[in-house]
Amino acid sequence: MKKIINDPTTIVADALRGMALAHPGLLRITEDPAVVARADAPVRGKVAIVSGGGSGHEPLHGGFVGPGMLDAACPGAVFTSPTPDQVQAAVTQVDGGAGVLLVVKNYTGDVLNFETAAELVAADGIDVRTVVIDDDVAVRDSTWTAGRRGVGGTVLLEKIVGAAAESGADLDTCERLARAVVGNVRSMGIALTAPTVPHVGEPSFTLAEDEMEVGIGIHGEPGRSREPLADADAIVAALLDPILDDLPFAEKSRVLLFTNSMGGTPLLELYLAHGIAERMLAERGITVERRLVGPFITSLEMQGMSLTLLRLDDELTALWDAPVRTAALRWGA
Amino acid sequence: MKKIINDPTTIVADALRGMALAHPGLLRITEDPAVVARADAPVRGKVAIVSGGGSGHEPLHGGFVGPGMLDAACPGAVFTSPTPDQVQAAVTQVDGGAGVLLVVKNYTGDVLNFETAAELVAADGIDVRTVVIDDDVAVRDSTWTAGRRGVGGTVLLEKIVGAAAESGADLDTCERLARAVVGNVRSMGIALTAPTVPHVGEPSFTLAEDEMEVGIGIHGEPGRSREPLADADAIVAALLDPILDDLPFAEKSRVLLFTNSMGGTPLLELYLAHGIAERMLAERGITVERRLVGPFITSLEMQGMSLTLLRLDDELTALWDAPVRTAALRWGA
Amino acid sequence: MGCDAGAVAAAIREAAAVITEHRDELVRLDQAIGDGDHGENLKRGFGFVVARLDESTPDTPAAVLKLVATTLISKVGGAAGPLYGTAFLRAATALGDGPELTPELISTALRAAVDGVVARGKAEVGDKTMVDALVPAAKAQGSTVGEVLRAAADAAEAGAESTVPLVARKGRASYLGERSAGHLDPGARSSALLLRSFADST
Amino acid sequence: MGCDAGAVAAAIREAAAVITEHRDELVRLDQAIGDGDHGENLKRGFGFVVARLDESTPDTPAAVLKLVATTLISKVGGAAGPLYGTAFLRAATALGDGPELTPELISTALRAAVDGVVARGKAEVGDKTMVDALVPAAKAQGSTVGEVLRAAADAAEAGAESTVPLVARKGRASYLGERSAGHLDPGARSSALLLRSFADST
Ligand SMILES: Nc1ncnc2c1ncn2[C@@H]1O[C@H](COP(=O)(O)OP(=O)(O)O)[C@@H](O)[C@H]1O
Ligand SMILES: Nc1ncnc2c1ncn2[C@@H]1O[C@H](COP(=O)(O)OP(=O)(O)O)[C@@H](O)[C@H]1O
Ligand SMILES: [Mg+2]
Ligand SMILES: [Mg+2]
Ligand SMILES: [Mg+2]
Ligand SMILES: [Mg+2]
């Protein structure tokens with residue numbers, strides 16, 4: 001296993017220490033329980049947006065903490081959902097009296113732990129709501145499974161709801177907007193290589209030199225199917241088609257296109273794929289009005305990419321454009 | 001070879017097409033010759049800062065084009081310096097009448113091609129200066145080699161000189177500042193895995209599962225020595241020691257610490273390494289006043305990292321803090 | 001040997017040792033159809049349980065199980081953390097505050113624990129989860145504590161084995177669809193390991 | 001066969017074919033002690049040269065070489081682009097605008113080309129670069145064009161071979177220090193290939 005680490009069992013705490021040192025004015029980080037919070041939290045009278053999940057997907061979620069996005073993030077162990085007391089601690093730190101929205105990716109572990117946390121927090125008298133995001137169209141037959149996973153759409157949701165909260169929206173509005181994003185966002189990913197979980201020490205699966213895994217999650221869970229490695233045009237089509245089939249993206253739809261690296265895929269390839277995706281969308285008469293390109297929700301060193309499409313309206317577009325100041329996303333502030 | 005590409009021979013042009021689509025308001029990109037320029041160039045009366053080099057190091061340099069940093073970047077083929085006519089085209093596009101500074105990383109190919117370009121441009125009557133950056137302490141005995149390579153320091157130089165130019169500094173001042181950065185910046189890197197150049201199709205070198213290459217460049221050139229894979233503490237010490245030995249960083253020195261991923265190393269590990277580096281610097285009484293953590297000068301999918309230390313004074317610090325708006329670095333604007 | 005708080009604490013320590021011993025096996029099982037963390041997460045969680053028992057041993061069996069529950073909930077994460085946490089919490093509540101366990105109490109606690117897991121995770125038998133091991137185990141009866149627990153362990157082991165051919169419909173393995181068949185479910189395996197360890201401790 | 005512009009253009013086309021044929025070998029040599037692009041870069045550059053010759057053949061030998069020079073300079077990049085570009089440019093200048101090559105002109109052009117490479121790259125014989133192949137080649141004499149070029153090719157091949165044991169002191173291979181010894185320099189190899197191809201074309 002090739003990693004720059006000291007000890008697989010302390011890797012998250014060790015990384016949080018470095019993250020705190022790297023962003024002194026922006027973040028306030030506690031280690032036990034592990035919470036990454038805005039340095040200026042709690043912000044009085046503002047709805048607090050709290051998320052979290054397993055580590056290994058950086059910059060998600062800690063890199064999205066800051067004005068205009070998350071108030072706090074709870075990093076679990078690598079690929080392991082955080083625990084309820086982490087979430088409770090985060091909420092306690094950032095609650096500004098206007099209620100708290102929990103953003104939860106749809107995995108059994110995340111849902112159960114956040115559910116328990118929400119009960120604990122509600123018992124403390126805090127108005128807490130939960131929105132579960134499940135944008136991964138790779139999962140079919142959701143009634144026969146744990147349901148679709150939360151993937152790339154999470155980043156967009158956190159940005160948009162974070163902007164609303166920052167501008168003074170109340171908890172009902174934040175919850176409504178979060179559900180609007182969930183209803184209008186779809187994603188799909190592929191992997192060329194597998195990630196290696198530090199405490200496991202070997203790749204999560206094995207792909208031959210000429211294979212790729214289509215419909216991959218962000219935890220090294222195998223995907224929909226294993227296919228022969230294809231060229232970039234075919235890969236982008238394999239990601240876009242199921243997204244477009246799923247949501248009624250119509251001609252003239254306005255969308256945000258998010259082209260994401262799973263970590264190990266270099267920016268050169270990512271821009272290349274992004275260009276293909278924009279061309280294919282244009283051919284179908286879909287208007288790309290906003291875009292995000294980069295490694296924003298990753299799976300350790302896994303090579304691969306995902307595409308996320310969000311149907312925009314004026315409200316969502318304005319919230320996307322609003323200022324944000326976090327470690328990983330920053331504009332207008 | 002596992003890459004999301006269509007054709008190894010068109011990869012740079014294909015990526016530039018995607019980059020142009022991804023950043024419509026910010027960049028203006030031409031394909032033949034390949035030039036990434038500020039959308040609003042030329043800026044009348046402003047010194048233009050132009051850089052470039054082989055592709056495969058993204059976001060360097062194209063990701064640093066924009067207000068407060070570069071006016072144009074010339075992307076060569078993968079790991080191949082750009083050609084003089086590319087540089088000439090870039091200069092012609094962005095020259096605002098106040099002169100042009102060429103920022104060149106010290107590699108034989110880059111130096112020769114930029115040298116030719118500078119002659120061509122000067123013949124067109126443009127006041128052009130060249131600064132060569134050579135911050136890589138891994139190269140020993142510079143008199144017996146092509147000299148130290150330009151690596152991580154390039155990012156810091158481009159930010160600082162770009163800020164000066166943006167604020168109206170004249171060409172002499174920009175050149176002086178560039179030389180000040182060159183004089184005060186040092187870097188060193190290691191690799192855990194090798195990159196694969198698309199047109200080669202196989203890794204540039206082979207490292208056993210328990211080996212790392214210390215003193216690596218950013219082109220898959222092997223480094224100073226091959227060592228047994230060490231833990232993060234030892235890796236960070238192996239990078240910091242030669243940097244600190246080289247520049248008289250004294251107790252109470254104020255520095256900018258830049259912890260860079262070579263591409264394939266995830267942010268989790270990078271923050272972890274950054275924390276160790278800050279701790280080790282603190283132990284030596286060196287004050288880290290500014291930091292940059294992320295994949296900013298990469299070597300395709302290579303796993304590994306580099307550390308760069310820049311000795312700060314008030315002038316350099318203020319220029320570092322000044323607003324910048326590029327695809328990869330953005331604050332205050 | 002009686003069945004007081006001390007004995008229950010000893011059984012929990014023994015279970016922690018068994019989990020540690022089987023960590024790699026559970027990691028491998030989870031890697032095949034999940035994300036590979038099940039063994040590490042449980043090992044970490046039970047490590048904290050033992051550390052807390054070292055600080056102070058609670059004075060009733062229920063209090064011991066409550067300590068296990070809150071520790072697993074706050075330290076394990078993932079799907080298994082809240083599910084096992086709920087199981088131990090419900091069992092603790094069912095035990096009341098008597099100083100000794102009886103066969104009837106064990107049966108009641110087992111049923112309460114398993115009902116809790118089902119309520120929480122909403123999985124049914126046949127979904128290829130720990131529920132496939134736990135539901136049959138909850139039917140265990142016997143005239144001594146040992147008998148009940150041995151019956152539960154036997155049933156859990158058979159239930160775990162029964163997950164091999166199944167296609168998962170809950171948890172992370174469900175994303176695999178047909179590809180999940182042919183693998184033992186890690187949570188069912190850890191449930192069987194825990195119950196066998198409890199049986200062996202009496 | 002004469003030595004007019006057409007013949008020179010044909011020789012250049014032949015050289016382009018040789019480079020394409022040896023692309024992988026040059027990539028491998030450059031991968032061992034450099035960055036692996038030498039073969040690809042030259043292949044790309046000579047591909048553009050051939051495309052331009054297809055458009056229109058210049059009418060003097062010097063004009064052909066000037067087309068080669070400007071194309072290599074603008075299309076190759078890396079260290080080899082400006083170095084070979086300079087070589088062809090200096091050779092073109094040395095030839096003047098006569099319609100035919102002579103043995104003396106070839107010798108003069110070779111010397112001018114090599115002086116240009118040395119001036120530009122500042123490498124000396126023994127630094128493990130193309131200069132080790134080119135400097136001996138520049139001494140070539142003969143009573144026919146073919147004789148001069150064959151002598152040059154022989155000298156370049158021997159010079160290229162001489163780079164194997166050397167420790168590089170210029171170019172990317174110099175970063176390797178002692179580890180560069182034991183490898184043939186890719187630029188020296190491509191120089192020898194080009195000169196052998198020119199010799200074979202006469
Ligand atoms: N809805 C559920 N109900 C009951 N058990 C479940 C459910 N979902 C998952 N499990 C159990 O949890 C186990 C996985 O636990 P673990 O690896 O710790 O969690 P995660 O999947 O979050 O990584 C599965 O093997 C399965 O037995
Ligand atoms: N200073 C120099 N003078 C002469 N030849 C040089 C010099 N530096 C490098 N070379 C030649 O260039 C060759 C490498 O060319 P190429 O791979 O195209 O460039 P790069 O090193 O930029 O990738 C080397 O093998 C060597 O022969
Ligand atoms: Mg997990
Ligand atoms: Mg090169
Ligand atoms: Mg798991
Ligand atoms: Mg080369």
# chains A, B, ... in the order shown; residues from 1 in each chain; ligands from 1
>>> closest_atom_pairs(of="chain C", to="chain A", cutoff="8 Å", atoms="only C-alpha atoms", output="Markdown table")
| residue | atom | partner | partner_atom | distance |
| --- | --- | --- | --- | --- |
| C:Val27 | CA | A:Val200 | CA | 7.1 |
| C:Gln31 | CA | A:Ser204 | CA | 6.1 |
| C:Ala32 | CA | A:Phe205 | CA | 7.8 |
| C:Ile33 | CA | A:Glu221 | CA | 7.2 |
| C:Gly34 | CA | A:Glu221 | CA | 5.7 |
| C:Asp35 | CA | A:Glu221 | CA | 5.7 |
| C:Gly36 | CA | A:Val200 | CA | 6.9 |
| C:Asp37 | CA | A:Thr80 | CA | 7.1 |
| C:Glu40 | CA | A:His199 | CA | 7.3 |
| C:Ile73 | CA | A:Thr83 | CA | 6.6 |
| C:Ser74 | CA | A:Thr83 | CA | 5.3 |
| C:Lys75 | CA | A:Thr83 | CA | 6.3 |
| C:Val76 | CA | A:Thr83 | CA | 6.8 |
| C:Gly77 | CA | A:Thr83 | CA | 4.7 |
| C:Gly78 | CA | A:Gly109 | CA | 4.1 |
| C:Ala79 | CA | A:Gly109 | CA | 3.6 |
| C:Ala80 | CA | A:Gly109 | CA | 7.2 |
| C:Gly81 | CA | A:Gly109 | CA | 7.8 |
| C:Pro82 | CA | A:Asn113 | CA | 6.2 |
| C:Arg120 | CA | A:Leu112 | CA | 7.5 |
| C:Gly121 | CA | A:Leu112 | CA | 7.7 |
| C:Ala168 | CA | A:Thr145 | CA | 7.4 |
| C:Arg169 | CA | A:Thr145 | CA | 4.5 |
| C:Lys170 | CA | A:Ala146 | CA | 4.8 |
| C:Gly171 | CA | A:Ala146 | CA | 5.4 |
| C:Arg172 | CA | A:Ala146 | CA | 6.9 |
| C:Ser174 | CA | A:Thr145 | CA | 5.0 |
| C:Tyr175 | CA | A:Val139 | CA | 6.1 |
| C:Leu176 | CA | A:Gly223 | CA | 6.7 |
| C:Gly177 | CA | A:Thr145 | CA | 7.9 |
>>> select_by_dssp(residues="stretch 6-158 of chain D", states="helix (DSSP H, G or I)", output="PyMOL selection string")
chain D and resi 6-21+23-33+38-55+61-75+80-95+103-121+131-137+145-158
>>> interface_residues(of="chain B", to="chain A", cutoff="6 Å", atoms="only C-alpha atoms", output="PDB file with C-alpha atoms, in the first residue's frame")
ATOM      1  CA  ILE B   4      -9.974   8.892 -20.181  1.00  0.00           C
ATOM      2  CA  ILE B   5      -8.851  10.014 -23.641  1.00  0.00           C
ATOM      3  CA  ASN B   6      -9.712   9.521 -27.262  1.00  0.00           C
ATOM      4  CA  ASP B  14      -9.035  18.080 -26.646  1.00  0.00           C
ATOM      5  CA  ALA B  15      -8.452  19.160 -23.044  1.00  0.00           C
ATOM      6  CA  ARG B  17     -11.492  22.620 -25.754  1.00  0.00           C
ATOM      7  CA  GLY B  18     -13.038  21.400 -22.501  1.00  0.00           C
ATOM      8  CA  MET B  19     -11.198  24.023 -20.498  1.00  0.00           C
ATOM      9  CA  GLU B  58      -2.358  20.873 -14.476  1.00  0.00           C
ATOM     10  CA  ASP B 231       6.100   6.786   6.948  1.00  0.00           C
ATOM     11  CA  ALA B 232       4.763  10.320   6.632  1.00  0.00           C
ATOM     12  CA  GLY B 264      -2.470  10.917  -7.452  1.00  0.00           C
ATOM     13  CA  PRO B 266      -5.355  12.305  -2.133  1.00  0.00           C
ATOM     14  CA  LEU B 267      -6.094  15.442  -0.147  1.00  0.00           C
ATOM     15  CA  LEU B 268      -6.446  13.375   3.047  1.00  0.00           C
ATOM     16  CA  GLU B 269      -2.785  12.394   2.874  1.00  0.00           C
ATOM     17  CA  TYR B 271      -3.329  17.555   4.787  1.00  0.00           C
ATOM     18  CA  LEU B 272      -1.736  14.940   6.984  1.00  0.00           C
ATOM     19  CA  HIS B 274       1.047  19.431   5.761  1.00  0.00           C
ATOM     20  CA  GLY B 275       0.350  19.126   9.468  1.00  0.00           C
ATOM     21  CA  LEU B 300      -0.272  13.438 -14.403  1.00  0.00           C
ATOM     22  CA  GLU B 301      -1.538  10.668 -12.073  1.00  0.00           C
ATOM     23  CA  GLY B 332     -10.567  38.305  -2.805  1.00  0.00           C
ATOM     24  CA  ALA B 333     -12.120  38.632  -6.255  1.00  0.00           C
TER      25      ALA B 333
END
>>> residues_around(residues="D:Leu193", least_positions_apart="6", cutoff="12 Å", atoms="only C-alpha atoms", output="JSON, numbers by chain")
{"D": [14, 15, 16, 17, 18, 19, 20, 21, 22, 23, 25, 26, 39, 42, 130, 133, 134, 149, 150, 152, 153, 154, 155, 156, 157, 158, 159, 160, 186, 187, 199, 200]}
>>> write_last_selection(atoms="C-alpha atoms", output="tab-separated table (two decimals), in the first residue's frame")
chain	number	residue	atom	x	y	z
D	14	GLU	CA	13.20	9.41	-46.29
D	15	ALA	CA	14.60	10.74	-42.97
D	16	ALA	CA	11.04	11.35	-41.77
D	17	ALA	CA	10.22	7.72	-42.54
D	18	VAL	CA	13.29	6.56	-40.63
D	19	ILE	CA	12.31	8.65	-37.59
D	20	THR	CA	8.77	7.24	-37.67
D	21	GLU	CA	10.20	3.73	-37.88
D	22	HIS	CA	12.46	4.39	-34.89
D	23	ARG	CA	9.92	6.36	-32.86
D	25	GLU	CA	13.14	3.04	-29.86
D	26	LEU	CA	13.76	6.76	-29.28
D	39	GLY	CA	10.66	9.82	-30.43
D	42	LEU	CA	10.53	14.16	-33.63
D	130	MET	CA	23.60	14.81	-29.54
D	133	ALA	CA	27.37	12.36	-32.36
D	134	LEU	CA	27.44	15.66	-34.25
D	149	LEU	CA	27.57	11.94	-45.78
D	150	ARG	CA	28.67	8.33	-45.29
D	152	ALA	CA	29.51	11.76	-41.28
D	153	ALA	CA	27.07	8.92	-40.57
D	154	ASP	CA	29.90	6.56	-39.60
D	155	ALA	CA	31.35	9.16	-37.24
D	156	ALA	CA	27.93	9.97	-35.76
D	157	GLU	CA	27.18	6.33	-35.09
D	158	ALA	CA	30.49	5.86	-33.33
D	159	GLY	CA	29.93	9.11	-31.42
D	160	ALA	CA	26.45	8.01	-30.37
D	186	PRO	CA	18.40	9.47	-27.36
D	187	GLY	CA	19.44	12.71	-29.07
D	199	ALA	CA	23.85	9.04	-46.55
D	200	ASP	CA	21.59	6.24	-47.71
>>> residues_around(residues="stretch 61-70 of chain C", least_positions_apart="4", cutoff="10 Å", atoms="only C-alpha atoms", output="PyMOL selection string")
(chain A and resi 85) or (chain C and resi 3-9+12+45-46+48-50+52-53+57+74-75+81-101+109)
>>> atom_distance(atom1="atom CA of C:Ala138", atom2="atom CA of C:Leu195")
10.7 Å
>>> closest_residue(among="D:Pro136, D:Ser180, D:Ala173, D:Thr71", to="ligand 4", atoms="only C-alpha atoms and all ligand atoms")
D:Ala173
>>> residues_around(residues="stretch 179-182 of chain A", least_positions_apart="5", cutoff="8 Å", atoms="only C-alpha atoms", output="PDB file with C-alpha atoms, in the first residue's frame")
ATOM      1  CA  VAL A 131     -32.589  15.847   3.831  1.00  0.00           C
ATOM      2  CA  ILE A 133     -29.672  12.993  -1.132  1.00  0.00           C
ATOM      3  CA  ASP A 134     -29.766  10.027  -3.535  1.00  0.00           C
ATOM      4  CA  ASP A 135     -28.675  11.169  -6.972  1.00  0.00           C
ATOM      5  CA  GLY A 153     -25.257  16.044  -6.245  1.00  0.00           C
ATOM      6  CA  LEU A 156     -24.258  21.144  -5.454  1.00  0.00           C
ATOM      7  CA  LEU A 157     -26.885  20.763  -2.747  1.00  0.00           C
ATOM      8  CA  LEU A 310     -28.614  19.685 -12.082  1.00  0.00           C
TER       9      LEU A 310
END
>>> atom_distance(atom1="atom CA of B:Gly201", atom2="atom CA of B:Ala73")
26.4 Å
